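This report concerns only the one structure given below.
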Amino acid sequence: MSQPLFALVDVNNFYVSCERVFAPKLEKVPMVVLSNNDGCAVARSAEVKALGVKMGAPWFQIKDLAKIHGIQAYSSNYTLYADMSQRVVDILKQFTSQLEVYSIDESFLRIDTVLQHHASPTALGLGIKERIKDWTGLPVCVGMGSSKTLAKFANHLAKKYSQWQGVCDLNTLSKSELHQWMSEVEVGEVWGIGHKLAKRLQVMGVKTVWDLVQVSPQAMRLHFGVVMERLCYELRGVSCLELEEVAPPKQQIIASRSFGKLVTSFEDLSESIATHTSRAAEKLRLQNSVAGAITIFIQTNRFMSREPQYAQSIVLPLVTPTDDTLVLITAAMKGLEKIFKGGFRYKKAGVVLNLIADKPNLQPSLFDDPKSRGQSAHLMKAIDEINTKFGQSILKPAATGTKKSWEMRSGNRSPNSTTHWNQLPIAY
DNA sequence: TCTGGGGTCCTAGGACCC
DNA sequence: TCTGGGGTCCTAGGACCC
C-alpha cells in the first residue's frame with residue numbers, strides 16, 4: 001500500500017462565487033452574502049476580505065464601510081448553493097471515486113491511486129481546477145499533502161499566495177522550503193486549532209505551524225489530549241484521519257432560528273417551536289430515520305448584556321422513537337411549557353432531534369426501572385409531572401438499556417403503532 | 001436598534017452495575 | 001461502617017468545524 005496522497009478542493013468564497021456565476025457584473029465588485037435576517041456576513045469577496053471584514057461580522061457594524069467602498073450585500077440563497085455544490089462534486093467524481101464531501105464547498109480526494117493517468121499531482125490539480133471553472137464557473141483552489149491536515153494547509157497556501165496559481169502540492173517542496181512556508185503561517189490557521197487552543201499554544205511559545213511540527217506529539221497529548229496529538233502527527237505527514245467516503249448517519253438534526261424581532265409571549269414561541277419541529281421532522285423522514293428524543297431550547301439575546309438573560313433547554317425522551325410530526329410537536333409543546341418563563345424577551349428558539357441510528361443502546365421501554373440507571377432526578381420529576389398533567393405516557397423515564405431490546409421494539413414499529421399519539425391534544 | 005445555522009468529537013463526573 | 005476493581009451509561013460542557 002503506497003503512502004496516501006490527499007487533495008483538498010475548496011471553492012473560493014463559495015456563496016459569493018455562486019452569486020457571481022449568475023450575475024457576472026458582480027465580478028470584482030466588493031460584496032458579501034448575509035445570513036438569516038441579514039444579520040451577519042457569511043461570505044465575503046476577496047475585495048471585502050482585503051478591507052479587513054471578518055467572517056461572521058454583523059452587518060450593522062460594516063454598513064459604514066460598505067457605504068464608503070460600495071460593498072454590495074446579498075441575502076443567502078441556500079437552494080442555489082446546494083445545487084452548485086452538487087455540480088462540483090459530480091465533476092470531482094470524474095477524477096477519483098475516493099472522495100469525501102466534507103462541507104458544502106470542500107471535498108477531500110484520495111489521489112495517489114489515480115496518479116498514473118496524470119503527469120504529476122500538480123497537473124491533476126490544475127486539471128480539476130480548470131474543469132470546475134469551465135463547467136460551473138466556480139473558482140477553486142487545490143491543496144495536496146500526505147495527510148488531510150497537510151492537504152488543508154496546502155490549500156491555505158494555494159489560496160493565500162498567488163505564486164501557487166491555485167494549486168499547491170507540498171510534496172514538491174524541499175525540506176527547507178517546507179520549513180519556510182510553515183514558519184510563515186500562524187498556528188491558529190491549522191485545521192483543528194481554534195481561538196482557544198491557538199492562545200494556549202502561543203503562551204507555550206508555539207506560534208507558527210512549524211513550531212507545532214517541532215514539538216513532540218506525545219507531550220502535546222499530555223497537555224491537550226488525543227485530538228492535538230493526532231493533529232501533530234498529521235502535520236508531520238503521518239496520516240491519522242481517513243477519508244470518510246460514506247457519510248456516517250446523522251446523530252442529531254437541528255432546526256433553529258433567531259427572531260427578527262424579540263418575542264415575549266408563549267404563543268409566539270410555541271408557533272416558532274412548532275415550525276422548527278415540523279422542519280426537523282421533514283429532514284428526519286428524508287433520511288429514513290426516527291428520533292428517540294427531542295430537545296427544545298429558547299434563549300434571550302446574549303449580546304444584550306444589560307437585559308435580563310435566560311436560556312433553558314429540556315430533553316424529552318420519547319416512549320416510541322418516531323418520525324411523526326404531530327407526535328414530535330406534541331412533545332415539543334409540553335417541553336416548552338416546562339421551560340418557558342414570562343418576562344423575558346426571547347431572541348432564539350430551536351429544536352434538536354436526537355436520532356436513534358447512532359444510539360444502539362437506547363431502549364425505549366417504558367417499563368425500565370428508572371432507578372437502575374443514571375437518570376437525573378430533575379428530569380425524572382419533569383417527566384412525571386408532564387405525564388401526570390396530560391394523563392398520557394408520552395415521555396419515558398429511562399432511555400438506556402441493551403441494543404437487543406431496542407431492536408425488538410423497532411422491529412415492531414408499524415404505521416398504526418403511533419395512532420394514539422395523534423389523538424393527543426395539540427397544545428397550540 | 002441591528003450579532004447565523006448546523007454539525008462533530010472529547011472529557012469529566014455522577015450514578016449505577018457486578 | 002468501611003472496603004475494591006472494573007465497567008457502562010448518561011449528561012454537561014468545552015472545543016472545534018464550515
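For the C-alpha cells, the naming scheme is as follows: chains receive sequential letters (A, B, ...) according to their order of presentation, residues are indexed from 1 within each chain, and ligands are indexed from 1 in presentation order.
For chain C, the residues close to chain A, meaning within 10 Å and counting only C-alpha atoms (C1' of nucleotides), are DT8, DC9, DC10, DT11, DA15, DC16, DC17 and DC18 of chain C.
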Could you save those same residues with N, CA, C and O atoms (P, O5', C5', C4', C3', O3' and C1' of nucleotides) as a PDB file, in the first residue's frame?
```pdb
ATOM      1  P    DT C   8     -17.334  -1.062  29.286  1.00  0.00           P
ATOM      2  O5'  DT C   8     -18.797  -0.663  29.760  1.00  0.00           O
ATOM      3  C5'  DT C   8     -19.757  -1.685  29.995  1.00  0.00           C
ATOM      4  C4'  DT C   8     -21.079  -1.025  30.300  1.00  0.00           C
ATOM      5  C3'  DT C   8     -21.495   0.006  29.254  1.00  0.00           C
ATOM      6  O3'  DT C   8     -22.863  -0.187  28.947  1.00  0.00           O
ATOM      7  C1'  DT C   8     -21.399   1.040  31.385  1.00  0.00           C
ATOM      8  P    DC C   9     -23.450   0.460  27.655  1.00  0.00           P
ATOM      9  O5'  DC C   9     -24.174   1.733  28.263  1.00  0.00           O
ATOM     10  C5'  DC C   9     -25.183   1.545  29.247  1.00  0.00           C
ATOM     11  C4'  DC C   9     -25.532   2.904  29.812  1.00  0.00           C
ATOM     12  C3'  DC C   9     -25.729   3.979  28.743  1.00  0.00           C
ATOM     13  O3'  DC C   9     -27.047   4.468  28.862  1.00  0.00           O
ATOM     14  C1'  DC C   9     -24.352   4.766  30.517  1.00  0.00           C
ATOM     15  P    DC C  10     -27.613   5.471  27.822  1.00  0.00           P
ATOM     16  O5'  DC C  10     -27.509   6.853  28.593  1.00  0.00           O
ATOM     17  C5'  DC C  10     -28.179   6.979  29.855  1.00  0.00           C
ATOM     18  C4'  DC C  10     -27.748   8.288  30.472  1.00  0.00           C
ATOM     19  C3'  DC C  10     -27.820   9.455  29.497  1.00  0.00           C
ATOM     20  O3'  DC C  10     -28.807  10.363  29.939  1.00  0.00           O
ATOM     21  C1'  DC C  10     -25.746   9.425  30.689  1.00  0.00           C
ATOM     22  P    DT C  11     -29.104  11.649  29.078  1.00  0.00           P
ATOM     23  O5'  DT C  11     -28.249  12.752  29.832  1.00  0.00           O
ATOM     24  C5'  DT C  11     -28.231  12.762  31.253  1.00  0.00           C
ATOM     25  C4'  DT C  11     -27.336  13.888  31.704  1.00  0.00           C
ATOM     26  C3'  DT C  11     -27.458  15.132  30.821  1.00  0.00           C
ATOM     27  O3'  DT C  11     -27.652  16.255  31.655  1.00  0.00           O
ATOM     28  C1'  DT C  11     -25.177  14.432  30.948  1.00  0.00           C
ATOM     29  P    DA C  15     -12.863  25.832  26.216  1.00  0.00           P
ATOM     30  O5'  DA C  15     -12.593  25.378  24.714  1.00  0.00           O
ATOM     31  C5'  DA C  15     -11.699  24.324  24.464  1.00  0.00           C
ATOM     32  C4'  DA C  15     -12.008  23.717  23.123  1.00  0.00           C
ATOM     33  C3'  DA C  15     -12.109  24.742  21.985  1.00  0.00           C
ATOM     34  O3'  DA C  15     -10.844  24.900  21.342  1.00  0.00           O
ATOM     35  C1'  DA C  15     -13.690  22.921  21.811  1.00  0.00           C
ATOM     36  P    DC C  16     -10.703  25.928  20.149  1.00  0.00           P
ATOM     37  O5'  DC C  16     -11.281  25.144  18.894  1.00  0.00           O
ATOM     38  C5'  DC C  16     -10.627  23.957  18.474  1.00  0.00           C
ATOM     39  C4'  DC C  16     -11.496  23.220  17.491  1.00  0.00           C
ATOM     40  C3'  DC C  16     -11.938  24.053  16.293  1.00  0.00           C
ATOM     41  O3'  DC C  16     -10.931  24.080  15.313  1.00  0.00           O
ATOM     42  C1'  DC C  16     -13.694  22.634  17.081  1.00  0.00           C
ATOM     43  P    DC C  17     -11.083  25.031  14.075  1.00  0.00           P
ATOM     44  O5'  DC C  17     -12.228  24.346  13.212  1.00  0.00           O
ATOM     45  C5'  DC C  17     -11.980  23.058  12.638  1.00  0.00           C
ATOM     46  C4'  DC C  17     -13.174  22.665  11.819  1.00  0.00           C
ATOM     47  C3'  DC C  17     -13.643  23.776  10.891  1.00  0.00           C
ATOM     48  O3'  DC C  17     -12.948  23.701   9.668  1.00  0.00           O
ATOM     49  C1'  DC C  17     -15.504  22.783  12.013  1.00  0.00           C
ATOM     50  P    DC C  18     -12.969  24.907   8.686  1.00  0.00           P
ATOM     51  O5'  DC C  18     -14.395  24.866   8.009  1.00  0.00           O
ATOM     52  C5'  DC C  18     -14.752  23.740   7.228  1.00  0.00           C
ATOM     53  C4'  DC C  18     -16.193  23.922   6.802  1.00  0.00           C
ATOM     54  C3'  DC C  18     -16.379  25.210   5.998  1.00  0.00           C
ATOM     55  O3'  DC C  18     -16.978  24.906   4.757  1.00  0.00           O
ATOM     56  C1'  DC C  18     -17.946  25.095   7.814  1.00  0.00           C
TER      57       DC C  18
END
```
Tell me, which residues of range 111-193 of chain A carry DSSP strand (DSSP E or B), written as a PDB file with N, CA and C atoms, in the first residue's frame?
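Everything below was put into selection29.pdb:
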```
ATOM      1  N   VAL A 140     -11.788  27.387  -7.901  1.00  0.00           N
ATOM      2  CA  VAL A 140     -11.393  26.578  -6.744  1.00  0.00           C
ATOM      3  C   VAL A 140      -9.885  26.646  -6.564  1.00  0.00           C
ATOM      4  N   CYS A 141      -9.438  26.268  -5.347  1.00  0.00           N
ATOM      5  CA  CYS A 141      -8.031  26.036  -5.099  1.00  0.00           C
ATOM      6  C   CYS A 141      -7.854  24.589  -4.667  1.00  0.00           C
ATOM      7  N   VAL A 142      -6.693  24.028  -4.989  1.00  0.00           N
ATOM      8  CA  VAL A 142      -6.415  22.637  -4.659  1.00  0.00           C
ATOM      9  C   VAL A 142      -5.140  22.569  -3.828  1.00  0.00           C
ATOM     10  N   GLY A 143      -5.228  21.889  -2.677  1.00  0.00           N
ATOM     11  CA  GLY A 143      -4.048  21.672  -1.848  1.00  0.00           C
ATOM     12  C   GLY A 143      -3.781  20.189  -1.735  1.00  0.00           C
ATOM     13  N   MET A 144      -2.503  19.796  -1.764  1.00  0.00           N
ATOM     14  CA  MET A 144      -2.180  18.375  -1.718  1.00  0.00           C
ATOM     15  C   MET A 144      -1.099  18.076  -0.700  1.00  0.00           C
ATOM     16  N   GLY A 145      -1.278  16.974   0.020  1.00  0.00           N
ATOM     17  CA  GLY A 145      -0.302  16.577   1.027  1.00  0.00           C
ATOM     18  C   GLY A 145      -0.552  15.153   1.478  1.00  0.00           C
ATOM     19  N   VAL A 167      -2.909  25.948  -7.035  1.00  0.00           N
ATOM     20  CA  VAL A 167      -2.653  24.514  -6.811  1.00  0.00           C
ATOM     21  C   VAL A 167      -1.327  24.349  -6.075  1.00  0.00           C
ATOM     22  N   CYS A 168      -1.375  23.726  -4.895  1.00  0.00           N
ATOM     23  CA  CYS A 168      -0.157  23.561  -4.097  1.00  0.00           C
ATOM     24  C   CYS A 168       0.011  22.113  -3.662  1.00  0.00           C
ATOM     25  N   ASP A 169       1.087  21.505  -4.109  1.00  0.00           N
ATOM     26  CA  ASP A 169       1.425  20.143  -3.670  1.00  0.00           C
ATOM     27  C   ASP A 169       2.640  20.238  -2.753  1.00  0.00           C
ATOM     28  N   GLU A 186       0.592  31.220  10.807  1.00  0.00           N
ATOM     29  CA  GLU A 186       0.304  31.134  12.241  1.00  0.00           C
ATOM     30  C   GLU A 186      -0.364  29.823  12.603  1.00  0.00           C
TER      31      GLU A 186
END
```
Mind the document's chain letters and residue numbers, and return as a PyMOL selection string the residues of range 9-215 of chain A that DSSP labels helix (DSSP H, G or I). chain A and resi 14-22+24-26+36-38+46-50+59-69+78-92+112-117+121-136+148-160+162-164+170-172+175-184+187-189+195-203+209-214
Find the spatial neighbours of DG4 in chain B, counting only C-alpha atoms (C1' of nucleotides), within a cut-off of 7 Å - ignore same-chain residues fewer than 6 positions away - and output them as a tab-separated table (two decimals) with all heavy atoms, in the first residue's frame.
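Wrote selection.tsv, looks like this:
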```
chain	number	residue	atom	x	y	z
A	35	SER	N	-26.33	36.33	6.34
A	35	SER	CA	-27.03	35.21	6.97
A	35	SER	C	-28.52	35.50	7.08
A	35	SER	O	-29.01	36.55	6.67
A	35	SER	CB	-26.47	35.01	8.37
A	35	SER	OG	-26.80	36.15	9.15
A	36	ASN	N	-29.22	34.58	7.70
A	36	ASN	CA	-30.63	34.75	8.01
A	36	ASN	C	-30.89	36.10	8.68
A	36	ASN	O	-30.08	36.58	9.46
A	36	ASN	CB	-31.02	33.63	8.97
A	36	ASN	CG	-32.50	33.45	9.01
A	36	ASN	OD1	-33.18	34.05	9.81
A	36	ASN	ND2	-33.02	32.64	8.12
A	39	GLY	N	-28.41	39.17	9.18
A	39	GLY	CA	-27.72	39.50	10.42
A	39	GLY	C	-26.23	39.74	10.25
A	39	GLY	O	-25.70	40.77	10.63
A	40	CYS	N	-25.52	38.77	9.68
A	40	CYS	CA	-24.08	38.98	9.52
A	40	CYS	C	-23.57	38.39	8.23
A	40	CYS	O	-24.25	37.62	7.55
A	40	CYS	CB	-23.31	38.42	10.72
A	40	CYS	SG	-23.92	36.91	11.38
```
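The smallest atom-to-atom distance between DG5 in chain B and any of A:Lys199, A:Arg306, A:Lys347, A:Arg257, using only C-alpha atoms (C1' of nucleotides), is found for A:Arg257.
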Please identify all polymer residues within 9 Å of DT3 in chain B, counting only C-alpha atoms (C1' of nucleotides), omitting same-chain residues fewer than 2 positions from it, and present them as a ChimeraX atom specification. /A:39-40,56-60,303
For those residues, write N, CA and C atoms to a file as a compact mmCIF listing (two decimals), in the first residue's frame.
```
# COMPACT_ATOMS: atom_id res chain seq x y z
N GLY A 39 -28.41 39.17 9.18
CA GLY A 39 -27.72 39.50 10.42
C GLY A 39 -26.23 39.74 10.25
N CYS A 40 -25.52 38.77 9.68
CA CYS A 40 -24.08 38.98 9.52
C CYS A 40 -23.57 38.39 8.23
N GLY A 56 -18.41 36.40 9.62
CA GLY A 56 -19.43 36.47 10.66
C GLY A 56 -19.62 37.87 11.22
N ALA A 57 -18.98 38.86 10.64
CA ALA A 57 -19.14 40.22 11.14
C ALA A 57 -20.59 40.67 10.97
N PRO A 58 -21.18 41.25 12.02
CA PRO A 58 -22.56 41.71 11.90
C PRO A 58 -22.68 42.84 10.88
N TRP A 59 -23.75 42.78 10.11
CA TRP A 59 -23.93 43.74 9.02
C TRP A 59 -23.96 45.17 9.52
N PHE A 60 -24.61 45.40 10.65
CA PHE A 60 -24.72 46.78 11.13
C PHE A 60 -23.35 47.38 11.44
N PHE A 303 -26.19 38.96 23.43
CA PHE A 303 -25.34 40.12 23.19
C PHE A 303 -25.80 41.34 23.99
```
Within 10 Å of DG7 in chain B using only C-alpha atoms (C1' of nucleotides), minus same-chain residues under 3 positions, as a PyMOL selection string: (chain A and resi 250-254) or (chain C and resi 17-18)
Output C-alpha atoms (C1' of nucleotides) of each residue in that selection to a file, as a short mmCIF file (atom, residue, chain, number, x, y, z; two decimals), in the first residue's frame.
```
data_model
loop_
_atom_site.label_atom_id
_atom_site.label_comp_id
_atom_site.auth_asym_id
_atom_site.auth_seq_id
_atom_site.Cartn_x
_atom_site.Cartn_y
_atom_site.Cartn_z
CA LYS A 250 -26.51 11.84 11.43
CA GLN A 251 -26.76 11.81 15.19
CA GLN A 252 -28.90 14.89 15.51
CA ILE A 253 -30.99 17.21 13.41
CA ILE A 254 -31.23 20.83 14.44
"C1'" DC C 17 -15.50 22.78 12.01
"C1'" DC C 18 -17.95 25.10 7.81
#
```
